[in-house]
Amino acid sequence: MTSTAGAAAQLLAISDLHIGYPENRALVEALRPGTDDDWLLVAGDVAETVADVRWALETLAGRFRQVVWAPGNHELWTHPKDTVTLRGVARYEHLVAMCRDLGVLTPEDPYPVWEGPGGPVAVAPLFLLYDYSFLPAGCTTKEQGLEYAHGTGIVCNDEYLLHPDPYPTREAWCRARVAETERRLDALPAGLPTVLVNHYPLDRHPTDVLWYPEFAMWCGTTLTADWHRRFRVETMVYGHLHIPRTTWHEGVRFEEVSVGYPREWRKRPEPPGRPRLIVPGEVGAR
């Protein structure tokens, strides 16, 4: 798939919409593209229930030329408030089928190519999870890291709600996803730049500013630490941290695009719920 965008078209990104909060649902209701040709990348954590995820993606798909979704951990939760009780891979596959019904692209679809301003670039939505390799200082194993995290009281709800079935562990599911995604990215044309869209950063450096550094264990995997160089990445789009900002790592732009919870975005000076411009790139960007 390629875009047929006009001269003013933009490739935009947003994540962590968390529309279970009425204030955040209102942000989605108000979200509009700048042109009829704009694409929107949604980097996970739309909501906790399938019905809410469907409402948000259907709403956005009706406004943007193309919506591209990568799952976050919250979509994968088997939440007690959700009538859909599927777990693990079955839940993910249910969400993928729903997206296809809506015309929303997922990590299971062929990677589209943005041919609008700033293109061509391959847009690759990823689903990689994490494998507890972003360990707290002084810890050398997952078990030590989890023991430390429990001691601080900072433990991701994934430990109770995100089930890896039929994989034995979340890290086993992560490693399977990394291997399959690596194969697909390797198959892209050698000269084609990429925009990688993942709920978690591919490299650990964005987690260095976390108030609770032990939370980094649930934020990615060291297996992808060289992907921003290896796969010709123009911009690495991610969310999860609820710290929207731009960083540069080894000459590659990392863009955190999350909205976050109302208690977080109310403190920020800029208006909430605005997608970040990914392509065309910023004037003067490195």
# chains A, B, ... in the order shown; residues from 1 in each chain; ligands from 1
>>> closest_atom_pairs(of="region 155-205 of chain A", to="region 26-42 of chain A", cutoff="12 Å", atoms="only C-alpha atoms", output="JSON lines")
{"residue": "A:Val195", "atom": "CA", "partner": "A:Leu41", "partner_atom": "CA", "distance": 10.1}
{"residue": "A:Leu196", "atom": "CA", "partner": "A:Leu41", "partner_atom": "CA", "distance": 10.1}
{"residue": "A:Val197", "atom": "CA", "partner": "A:Leu41", "partner_atom": "CA", "distance": 7.4}
{"residue": "A:Asn198", "atom": "CA", "partner": "A:Val42", "partner_atom": "CA", "distance": 9.1}
{"residue": "A:His199", "atom": "CA", "partner": "A:Val42", "partner_atom": "CA", "distance": 8.8}
>>> write_last_selection(atoms="N, CA, C and O atoms", output="PDB file, in the first residue's frame")
ATOM      1  N   VAL A 195       9.791   4.624   9.255  1.00  0.00           N
ATOM      2  CA  VAL A 195       9.253   5.149  10.509  1.00  0.00           C
ATOM      3  C   VAL A 195       8.747   3.942  11.283  1.00  0.00           C
ATOM      4  O   VAL A 195       7.851   3.234  10.814  1.00  0.00           O
ATOM      5  N   LEU A 196       9.369   3.660  12.413  1.00  0.00           N
ATOM      6  CA  LEU A 196       8.961   2.521  13.230  1.00  0.00           C
ATOM      7  C   LEU A 196       8.040   3.014  14.340  1.00  0.00           C
ATOM      8  O   LEU A 196       8.353   3.990  15.027  1.00  0.00           O
ATOM      9  N   VAL A 197       6.913   2.341  14.505  1.00  0.00           N
ATOM     10  CA  VAL A 197       5.873   2.735  15.459  1.00  0.00           C
ATOM     11  C   VAL A 197       5.683   1.594  16.448  1.00  0.00           C
ATOM     12  O   VAL A 197       5.212   0.515  16.075  1.00  0.00           O
ATOM     13  N   ASN A 198       6.059   1.809  17.683  1.00  0.00           N
ATOM     14  CA  ASN A 198       5.970   0.781  18.701  1.00  0.00           C
ATOM     15  C   ASN A 198       5.493   1.423  19.990  1.00  0.00           C
ATOM     16  O   ASN A 198       5.797   2.593  20.253  1.00  0.00           O
ATOM     17  N   HIS A 199       4.763   0.692  20.804  1.00  0.00           N
ATOM     18  CA  HIS A 199       4.308   1.293  22.058  1.00  0.00           C
ATOM     19  C   HIS A 199       5.476   1.641  22.971  1.00  0.00           C
ATOM     20  O   HIS A 199       5.426   2.637  23.698  1.00  0.00           O
TER      21      HIS A 199
END
>>> select_by_dssp(residues="region 40-191 of chain A", states="strand (DSSP E)", output="list of chain:residue names")
A:Leu40, A:Leu41, A:Val42, A:Gln66, A:Val67, A:Val68, A:Trp69, A:Val113, A:Trp114, A:Val121, A:Ala122, A:Val123, A:Ala124, A:Pro125
>>> closest_residue(among="A:Phe215, A:Thr207, A:Pro201, A:Ile19", to="His150 (chain A)", atoms="only C-alpha atoms")
A:Phe215
>>> closest_residue(among="A:Gly6, A:Pro136, A:Gly103, A:Gly88", to="Met217 (chain A)", atoms="only C-alpha atoms")
A:Pro136
>>> closest_atom_pairs(of="region 3-34 of chain A", to="region 259-267 of chain A", cutoff="9 Å", atoms="only C-alpha atoms", output="JSON lines")
{"residue": "A:Ile14", "atom": "CA", "partner": "A:Val259", "partner_atom": "CA", "distance": 7.1}
{"residue": "A:Ser15", "atom": "CA", "partner": "A:Val259", "partner_atom": "CA", "distance": 6.2}
{"residue": "A:Asp16", "atom": "CA", "partner": "A:Val259", "partner_atom": "CA", "distance": 5.4}
{"residue": "A:Leu17", "atom": "CA", "partner": "A:Val259", "partner_atom": "CA", "distance": 5.6}
{"residue": "A:His18", "atom": "CA", "partner": "A:Gly260", "partner_atom": "CA", "distance": 6.9}
{"residue": "A:Tyr21", "atom": "CA", "partner": "A:Pro262", "partner_atom": "CA", "distance": 7.6}
{"residue": "A:Glu23", "atom": "CA", "partner": "A:Pro262", "partner_atom": "CA", "distance": 6.8}
{"residue": "A:Asn24", "atom": "CA", "partner": "A:Pro262", "partner_atom": "CA", "distance": 7.0}
>>> write_last_selection(atoms="N, CA, C and O atoms", output="compact mmCIF listing (two decimals), in the first residue's frame")
# COMPACT_ATOMS: atom_id res chain seq x y z
N ILE A 14 0.09 9.81 17.57
CA ILE A 14 -0.42 10.03 18.91
C ILE A 14 -0.47 8.67 19.61
O ILE A 14 -0.46 7.62 18.96
N SER A 15 -0.51 8.66 20.92
CA SER A 15 -0.62 7.41 21.65
C SER A 15 -1.22 7.66 23.02
O SER A 15 -1.45 8.81 23.42
N ASP A 16 -1.44 6.58 23.75
CA ASP A 16 -1.89 6.64 25.14
C ASP A 16 -3.10 7.55 25.29
O ASP A 16 -3.14 8.47 26.10
N LEU A 17 -4.11 7.27 24.47
CA LEU A 17 -5.35 8.06 24.49
C LEU A 17 -6.17 7.78 25.75
O LEU A 17 -6.90 8.67 26.21
N HIS A 18 -6.12 6.58 26.26
CA HIS A 18 -6.78 6.22 27.52
C HIS A 18 -8.19 6.80 27.62
O HIS A 18 -8.52 7.56 28.54
N TYR A 21 -11.10 7.59 30.44
CA TYR A 21 -11.30 8.87 31.13
C TYR A 21 -12.18 9.76 30.25
O TYR A 21 -11.85 9.99 29.07
N GLU A 23 -12.48 12.90 30.00
CA GLU A 23 -11.75 14.04 29.43
C GLU A 23 -10.95 13.60 28.20
O GLU A 23 -10.83 14.35 27.23
N ASN A 24 -10.40 12.40 28.26
CA ASN A 24 -9.62 11.91 27.11
C ASN A 24 -10.52 11.49 25.96
O ASN A 24 -10.18 11.69 24.79
>>> closest_residue(among="A:Thr106, A:Thr78, A:Gln66, A:Thr181", to="Pro164 (chain A)", atoms="only C-alpha atoms")
A:Thr78
>>> closest_residue(among="A:Val209, A:Leu95, A:Cys139, A:Leu202", to="Ile243 (chain A)", atoms="only C-alpha atoms")
A:Val209
>>> select_by_dssp(residues="region 91-256 of chain A", states="helix (DSSP H, G or I)", output="MDAnalysis selection string")
chainID A and resid 91:102 142:152 158:161 170:186 205:209 213:218 222:224 227:230
>>> closest_atom_pairs(of="region 7-87 of chain A", to="region 155-161 of chain A", cutoff="10 Å", atoms="only C-alpha atoms", output="JSON lines")
{"residue": "A:Asn73", "atom": "CA", "partner": "A:Asp158", "partner_atom": "CA", "distance": 7.1}
{"residue": "A:His74", "atom": "CA", "partner": "A:Asp158", "partner_atom": "CA", "distance": 8.1}
{"residue": "A:Leu76", "atom": "CA", "partner": "A:Leu161", "partner_atom": "CA", "distance": 8.1}
{"residue": "A:Trp77", "atom": "CA", "partner": "A:Leu161", "partner_atom": "CA", "distance": 4.9}
{"residue": "A:Thr78", "atom": "CA", "partner": "A:Leu161", "partner_atom": "CA", "distance": 5.4}
{"residue": "A:His79", "atom": "CA", "partner": "A:Leu161", "partner_atom": "CA", "distance": 6.4}
{"residue": "A:Pro80", "atom": "CA", "partner": "A:Leu161", "partner_atom": "CA", "distance": 8.7}
{"residue": "A:Arg87", "atom": "CA", "partner": "A:Leu161", "partner_atom": "CA", "distance": 9.0}
>>> closest_residue(among="A:Pro107, A:Pro275, A:Gly239, A:Gly281", to="Asp45 (chain A)", atoms="only C-alpha atoms")
A:Gly239
>>> residues_around(residues="Tyr130 (chain A)", least_positions_apart="4", cutoff="6 Å", atoms="only C-alpha atoms", output="VMD selection string")
chain A and resid 174 220 to 221
>>> closest_atom_pairs(of="region 89-188 of chain A", to="region 9-13 of chain A", cutoff="12 Å", atoms="only C-alpha atoms", output="Markdown table")
| residue | atom | partner | partner_atom | distance |
| --- | --- | --- | --- | --- |
| A:Val113 | CA | A:Leu11 | CA | 11.1 |
| A:Trp114 | CA | A:Leu11 | CA | 7.9 |
| A:Glu115 | CA | A:Ala9 | CA | 9.9 |
| A:Gly116 | CA | A:Ala9 | CA | 6.4 |
| A:Pro117 | CA | A:Ala9 | CA | 6.6 |
| A:Gly118 | CA | A:Gln10 | CA | 8.8 |
| A:Gly119 | CA | A:Leu11 | CA | 9.7 |
| A:Pro120 | CA | A:Leu11 | CA | 11.4 |
| A:Val121 | CA | A:Leu11 | CA | 10.4 |
| A:Ala122 | CA | A:Leu11 | CA | 11.6 |
| A:Val123 | CA | A:Leu11 | CA | 9.7 |
| A:Pro125 | CA | A:Ala13 | CA | 11.5 |
>>> closest_residue(among="A:Arg65, A:Tyr111, A:Val50, A:Asp82", to="His94 (chain A)", atoms="only C-alpha atoms")
A:Val50
>>> atom_distance(atom1="CA of Lys81 (chain A)", atom2="CA of Ser258 (chain A)")
23.6 Å
>>> atom_distance(atom1="CA of His249 (chain A)", atom2="CA of Asp186 (chain A)")
21.3 Å
